[in-house]
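The data block below is work_24.txt; it holds compact mmCIF, N, CA and C atoms.
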# COMPACT_ATOMS: atom_id res chain seq x y z
N MET Z 27 -27.89 -15.44 12.88
CA MET Z 27 -28.65 -16.35 12.07
C MET Z 27 -30.15 -16.13 12.27
N HIS Z 28 -30.50 -15.89 13.52
CA HIS Z 28 -31.91 -15.67 13.86
C HIS Z 28 -32.46 -14.43 13.14
N HIS Z 29 -31.62 -13.39 13.02
CA HIS Z 29 -32.06 -12.17 12.35
C HIS Z 29 -32.29 -12.41 10.86
N LEU Z 30 -31.46 -13.24 10.26
CA LEU Z 30 -31.61 -13.56 8.84
C LEU Z 30 -32.94 -14.29 8.59
N ILE Z 31 -33.25 -15.26 9.43
CA ILE Z 31 -34.51 -15.99 9.28
C ILE Z 31 -35.69 -15.05 9.49
N LEU Z 32 -35.59 -14.18 10.49
CA LEU Z 32 -36.66 -13.22 10.77
C LEU Z 32 -36.84 -12.26 9.59
N ALA Z 33 -35.75 -11.80 8.99
CA ALA Z 33 -35.84 -10.88 7.86
C ALA Z 33 -36.47 -11.57 6.65
N LEU Z 34 -36.21 -12.85 6.48
CA LEU Z 34 -36.78 -13.56 5.33
C LEU Z 34 -38.26 -13.87 5.52
N THR Z 35 -38.70 -14.03 6.75
CA THR Z 35 -40.11 -14.40 6.99
C THR Z 35 -41.04 -13.20 7.09
N VAL Z 36 -40.51 -12.03 7.40
CA VAL Z 36 -41.35 -10.84 7.54
C VAL Z 36 -41.69 -10.30 6.17
N THR Z 37 -42.95 -10.05 5.94
CA THR Z 37 -43.37 -9.47 4.66
C THR Z 37 -43.48 -7.97 4.82
N PRO Z 38 -43.05 -7.22 3.82
CA PRO Z 38 -43.12 -5.76 3.93
C PRO Z 38 -44.57 -5.27 3.89
N SER Z 39 -44.76 -4.15 4.51
CA SER Z 39 -46.09 -3.55 4.54
C SER Z 39 -46.41 -2.95 3.17
N PRO Z 40 -47.59 -3.21 2.61
CA PRO Z 40 -47.91 -2.64 1.31
C PRO Z 40 -48.18 -1.14 1.37
N ASP Z 41 -48.49 -0.61 2.54
CA ASP Z 41 -48.79 0.81 2.70
C ASP Z 41 -47.65 1.47 3.48
N PRO Z 42 -46.71 2.18 2.81
CA PRO Z 42 -45.57 2.74 3.52
C PRO Z 42 -45.92 3.91 4.43
N THR Z 43 -47.07 4.52 4.27
CA THR Z 43 -47.41 5.68 5.11
C THR Z 43 -47.83 5.27 6.51
N GLY Z 44 -48.32 4.10 6.71
CA GLY Z 44 -48.80 3.69 8.01
C GLY Z 44 -47.78 2.91 8.80
N THR Z 45 -46.50 3.23 8.70
CA THR Z 45 -45.46 2.46 9.38
C THR Z 45 -45.15 2.97 10.78
N LEU Z 46 -45.58 4.17 11.14
CA LEU Z 46 -45.29 4.70 12.46
C LEU Z 46 -46.25 4.12 13.49
N ARG Z 47 -45.74 3.94 14.66
CA ARG Z 47 -46.54 3.46 15.77
C ARG Z 47 -47.60 4.52 16.11
N PRO Z 48 -48.77 4.13 16.52
CA PRO Z 48 -49.80 5.13 16.88
C PRO Z 48 -49.32 6.04 18.01
N GLY Z 49 -49.56 7.32 17.86
CA GLY Z 49 -49.14 8.30 18.85
C GLY Z 49 -47.84 8.99 18.51
N LEU Z 50 -47.16 8.55 17.46
CA LEU Z 50 -45.91 9.18 17.04
C LEU Z 50 -46.12 9.95 15.76
N SER Z 51 -45.42 11.08 15.65
CA SER Z 51 -45.44 11.84 14.40
C SER Z 51 -44.04 11.77 13.79
N GLU Z 52 -43.91 12.18 12.54
CA GLU Z 52 -42.60 12.14 11.88
C GLU Z 52 -41.60 13.05 12.56
N ASP Z 53 -42.05 14.14 13.14
CA ASP Z 53 -41.14 15.06 13.81
C ASP Z 53 -40.50 14.44 15.05
N GLN Z 54 -41.13 13.45 15.64
CA GLN Z 54 -40.59 12.83 16.84
C GLN Z 54 -39.57 11.74 16.52
N VAL Z 55 -39.51 11.27 15.31
CA VAL Z 55 -38.59 10.18 14.97
C VAL Z 55 -37.52 10.58 13.96
N THR Z 56 -37.54 11.80 13.46
CA THR Z 56 -36.52 12.27 12.53
C THR Z 56 -35.66 13.32 13.22
N PRO Z 57 -34.42 13.48 12.78
CA PRO Z 57 -33.55 14.45 13.44
C PRO Z 57 -33.97 15.89 13.21
N GLY Z 58 -34.64 16.18 12.13
CA GLY Z 58 -35.12 17.53 11.87
C GLY Z 58 -34.02 18.47 11.42
N THR Z 59 -34.34 19.74 11.45
CA THR Z 59 -33.43 20.76 10.97
C THR Z 59 -32.20 20.88 11.86
N TRP Z 60 -32.41 20.88 13.17
CA TRP Z 60 -31.27 21.00 14.09
C TRP Z 60 -30.33 19.81 13.97
N GLY Z 61 -30.87 18.65 13.76
CA GLY Z 61 -30.02 17.48 13.57
C GLY Z 61 -29.16 17.61 12.33
N PHE Z 62 -29.75 18.13 11.26
CA PHE Z 62 -28.99 18.34 10.03
C PHE Z 62 -27.91 19.39 10.24
N VAL Z 63 -28.26 20.50 10.90
CA VAL Z 63 -27.30 21.58 11.11
C VAL Z 63 -26.13 21.09 11.96
N LEU Z 64 -26.40 20.37 13.02
CA LEU Z 64 -25.32 19.87 13.88
C LEU Z 64 -24.45 18.83 13.15
N THR Z 65 -25.06 17.98 12.37
CA THR Z 65 -24.29 16.99 11.61
C THR Z 65 -23.41 17.69 10.57
N ALA Z 66 -23.95 18.68 9.88
CA ALA Z 66 -23.16 19.44 8.90
C ALA Z 66 -22.00 20.17 9.59
N PHE Z 67 -22.26 20.73 10.77
CA PHE Z 67 -21.21 21.43 11.52
C PHE Z 67 -20.09 20.46 11.90
N ILE Z 68 -20.43 19.28 12.36
CA ILE Z 68 -19.42 18.29 12.74
C ILE Z 68 -18.61 17.85 11.53
N VAL Z 69 -19.26 17.68 10.38
CA VAL Z 69 -18.55 17.29 9.16
C VAL Z 69 -17.58 18.38 8.73
N ILE Z 70 -18.02 19.63 8.76
CA ILE Z 70 -17.16 20.75 8.36
C ILE Z 70 -16.00 20.90 9.33
N LEU Z 71 -16.27 20.80 10.62
CA LEU Z 71 -15.21 20.90 11.62
C LEU Z 71 -14.18 19.78 11.45
N THR Z 72 -14.65 18.57 11.21
CA THR Z 72 -13.74 17.44 11.00
C THR Z 72 -12.88 17.65 9.76
N THR Z 73 -13.48 18.18 8.70
CA THR Z 73 -12.73 18.45 7.47
C THR Z 73 -11.62 19.46 7.73
N PHE Z 74 -11.94 20.55 8.45
CA PHE Z 74 -10.91 21.54 8.76
C PHE Z 74 -9.80 20.95 9.64
N LEU Z 75 -10.16 20.11 10.59
CA LEU Z 75 -9.15 19.49 11.44
C LEU Z 75 -8.24 18.56 10.64
N ILE Z 76 -8.79 17.82 9.70
CA ILE Z 76 -7.98 16.91 8.88
C ILE Z 76 -7.03 17.71 7.99
N VAL Z 77 -7.53 18.79 7.39
CA VAL Z 77 -6.68 19.63 6.53
C VAL Z 77 -5.55 20.24 7.35
N ASP Z 78 -5.85 20.71 8.55
CA ASP Z 78 -4.82 21.29 9.41
C ASP Z 78 -3.80 20.23 9.81
N MET Z 79 -4.25 19.04 10.14
CA MET Z 79 -3.34 17.96 10.53
C MET Z 79 -2.40 17.60 9.37
N VAL Z 80 -2.93 17.51 8.16
CA VAL Z 80 -2.09 17.19 7.00
C VAL Z 80 -1.06 18.28 6.77
N ARG Z 81 -1.47 19.54 6.94
CA ARG Z 81 -0.55 20.65 6.77
C ARG Z 81 0.58 20.59 7.79
N ARG Z 82 0.25 20.27 9.03
CA ARG Z 82 1.28 20.19 10.07
C ARG Z 82 2.23 19.01 9.83
N ILE Z 83 1.71 17.90 9.37
CA ILE Z 83 2.55 16.74 9.09
C ILE Z 83 3.51 17.05 7.95
N ARG Z 84 3.03 17.73 6.92
CA ARG Z 84 3.91 18.12 5.81
C ARG Z 84 5.01 19.05 6.30
N ARG Z 85 4.66 19.98 7.17
CA ARG Z 85 5.65 20.92 7.71
C ARG Z 85 6.73 20.18 8.49
N VAL Z 86 6.33 19.21 9.30
CA VAL Z 86 7.31 18.44 10.08
C VAL Z 86 8.21 17.63 9.16
N ARG Z 87 7.63 17.03 8.13
CA ARG Z 87 8.46 16.26 7.17
C ARG Z 87 9.44 17.17 6.44
N TYR Z 88 8.99 18.35 6.04
CA TYR Z 88 9.87 19.28 5.34
C TYR Z 88 11.01 19.72 6.25
N ARG Z 89 10.70 20.02 7.50
CA ARG Z 89 11.75 20.42 8.44
C ARG Z 89 12.75 19.30 8.65
N ALA Z 90 12.29 18.06 8.70
CA ALA Z 90 13.19 16.92 8.86
C ALA Z 90 14.09 16.77 7.64
N GLN Z 91 13.55 16.98 6.45
CA GLN Z 91 14.36 16.90 5.23
C GLN Z 91 15.42 18.00 5.21
N VAL Z 92 15.05 19.20 5.61
CA VAL Z 92 16.00 20.31 5.65
C VAL Z 92 17.10 20.01 6.66
N GLU Z 93 16.72 19.48 7.81
CA GLU Z 93 17.72 19.15 8.84
C GLU Z 93 18.67 18.06 8.34
N GLU Z 94 18.15 17.04 7.66
CA GLU Z 94 19.00 15.98 7.12
C GLU Z 94 19.95 16.55 6.07
N ALA Z 95 19.46 17.43 5.23
CA ALA Z 95 20.32 18.04 4.21
C ALA Z 95 21.40 18.89 4.87
N ARG Z 96 21.06 19.61 5.92
CA ARG Z 96 22.04 20.43 6.62
C ARG Z 96 23.11 19.56 7.27
N LEU Z 97 22.69 18.47 7.91
CA LEU Z 97 23.66 17.56 8.53
C LEU Z 97 24.56 16.89 7.49
N ALA Z 98 23.99 16.53 6.35
CA ALA Z 98 24.79 15.93 5.28
C ALA Z 98 25.79 16.94 4.73
N ALA Z 99 25.38 18.19 4.61
CA ALA Z 99 26.28 19.23 4.11
C ALA Z 99 27.41 19.47 5.11
N GLU Z 100 27.08 19.48 6.41
CA GLU Z 100 28.12 19.67 7.43
C GLU Z 100 29.09 18.49 7.44
N ALA Z 101 28.56 17.28 7.27
CA ALA Z 101 29.42 16.10 7.23
C ALA Z 101 30.32 16.15 6.00
N GLY Z 102 29.79 16.62 4.89
CA GLY Z 102 30.59 16.75 3.67
C GLY Z 102 31.66 17.81 3.82
N ASP Z 103 31.35 18.93 4.49
CA ASP Z 103 32.34 19.98 4.71
C ASP Z 103 33.45 19.50 5.64
N GLU Z 104 33.09 18.76 6.67
CA GLU Z 104 34.10 18.25 7.59
C GLU Z 104 35.02 17.25 6.89
N ALA Z 105 34.46 16.42 6.03
CA ALA Z 105 35.28 15.46 5.29
C ALA Z 105 36.19 16.19 4.31
N GLY Z 106 35.68 17.25 3.68
CA GLY Z 106 36.48 18.03 2.75
C GLY Z 106 37.60 18.78 3.45
N GLU Z 107 37.35 19.28 4.65
CA GLU Z 107 38.38 19.98 5.41
C GLU Z 107 39.46 19.02 5.87
N GLY Z 108 39.09 17.80 6.18
CA GLY Z 108 40.07 16.79 6.63
C GLY Z 108 41.07 16.47 5.54
N HIS Z 109 40.64 16.38 4.31
CA HIS Z 109 41.55 16.08 3.19
C HIS Z 109 42.47 17.27 2.93
N SER Z 110 41.97 18.46 2.99
CA SER Z 110 42.79 19.62 2.67
C SER Z 110 43.83 19.86 3.75
N THR Z 111 43.55 19.57 5.02
CA THR Z 111 44.54 19.74 6.06
C THR Z 111 45.64 18.69 5.97
N GLU Z 112 45.28 17.49 5.54
CA GLU Z 112 46.30 16.45 5.38
C GLU Z 112 47.23 16.79 4.22
N GLU Z 113 46.66 17.35 3.15
CA GLU Z 113 47.49 17.69 2.00
C GLU Z 113 48.40 18.85 2.32
N GLY Z 114 47.91 19.78 3.14
CA GLY Z 114 48.73 20.95 3.48
C GLY Z 114 49.87 20.57 4.40
N ALA Z 115 49.74 19.50 5.17
CA ALA Z 115 50.78 19.09 6.09
C ALA Z 115 51.91 18.39 5.37
N ARG Z 116 51.71 17.86 4.19
CA ARG Z 116 52.75 17.15 3.45
C ARG Z 116 53.71 18.08 2.88
Full structure transcribed into C-alpha cells:
Amino acid sequence: MHHLILALTVTPSPDPTGTLRPGLSEDQVTPGTWGFVLTAFIVILTTFLIVDMVRRIRRVRYRAQVEEARLAAEAGDEAGEGHSTEEGAR
C-alpha cells in the first residue's frame, strides 16, 4: 500500500536524460553487448532443451502404445488358442 501512495505522489522528471545519478554512465547500468549475447544464448539453449524433452516424451508415449498393442495382440492370440483347443477336444 505504501508503494502505491509513493508512486502516486512522485511526479515524473520532465527531462528524461538527467535521470542517472552523478558519477554513473549508461554503460555502468545497462547489460551491454555481453549481457545481450548471454541472454540470447540462454534462450536458444532453453529452446533446444525443450524441443529435445518433447521429442523424448513422444518417443516414450509411442513405445508405451506399441507395448500395449503387443500385449493386447498376445492376449487375443491366447484367447483364440483356448477356443480352438476346446473345440478340437470335442
| Between atom CA of Gly49 of chain Z and atom C of Val63 of chain Z, what is the distance, to one decimal in Å? |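 Value for the atom CA of Gly49 of chain Z-atom C of Val63 of chain Z distance: 27.2 Å.
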| task | Using atom C of Gly61 of chain Z and atom N of Thr73 of chain Z as the two end points, give the distance in Å to one decimal. | result |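 We find that atom C of Gly61 of chain Z and atom N of Thr73 of chain Z lie 16.1 Å from each other.
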Which centre and edge lengths in Å to one decimal define the box along x, y and z that fits every listed atom of segment 64-68 of chain Z plus 5 Å per side, as JSON?
{"center_x": -22.5, "center_y": 19.2, "center_z": 11.4, "size_x": 17.8, "size_y": 14.4, "size_z": 15.0}
| field | Separation of atom CA of Ala105 of chain Z from atom CA of Glu93 of chain Z, in Å and rounded to one decimal | value |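 We find that atom CA of Ala105 of chain Z and atom CA of Glu93 of chain Z lie 18.3 Å from each other.
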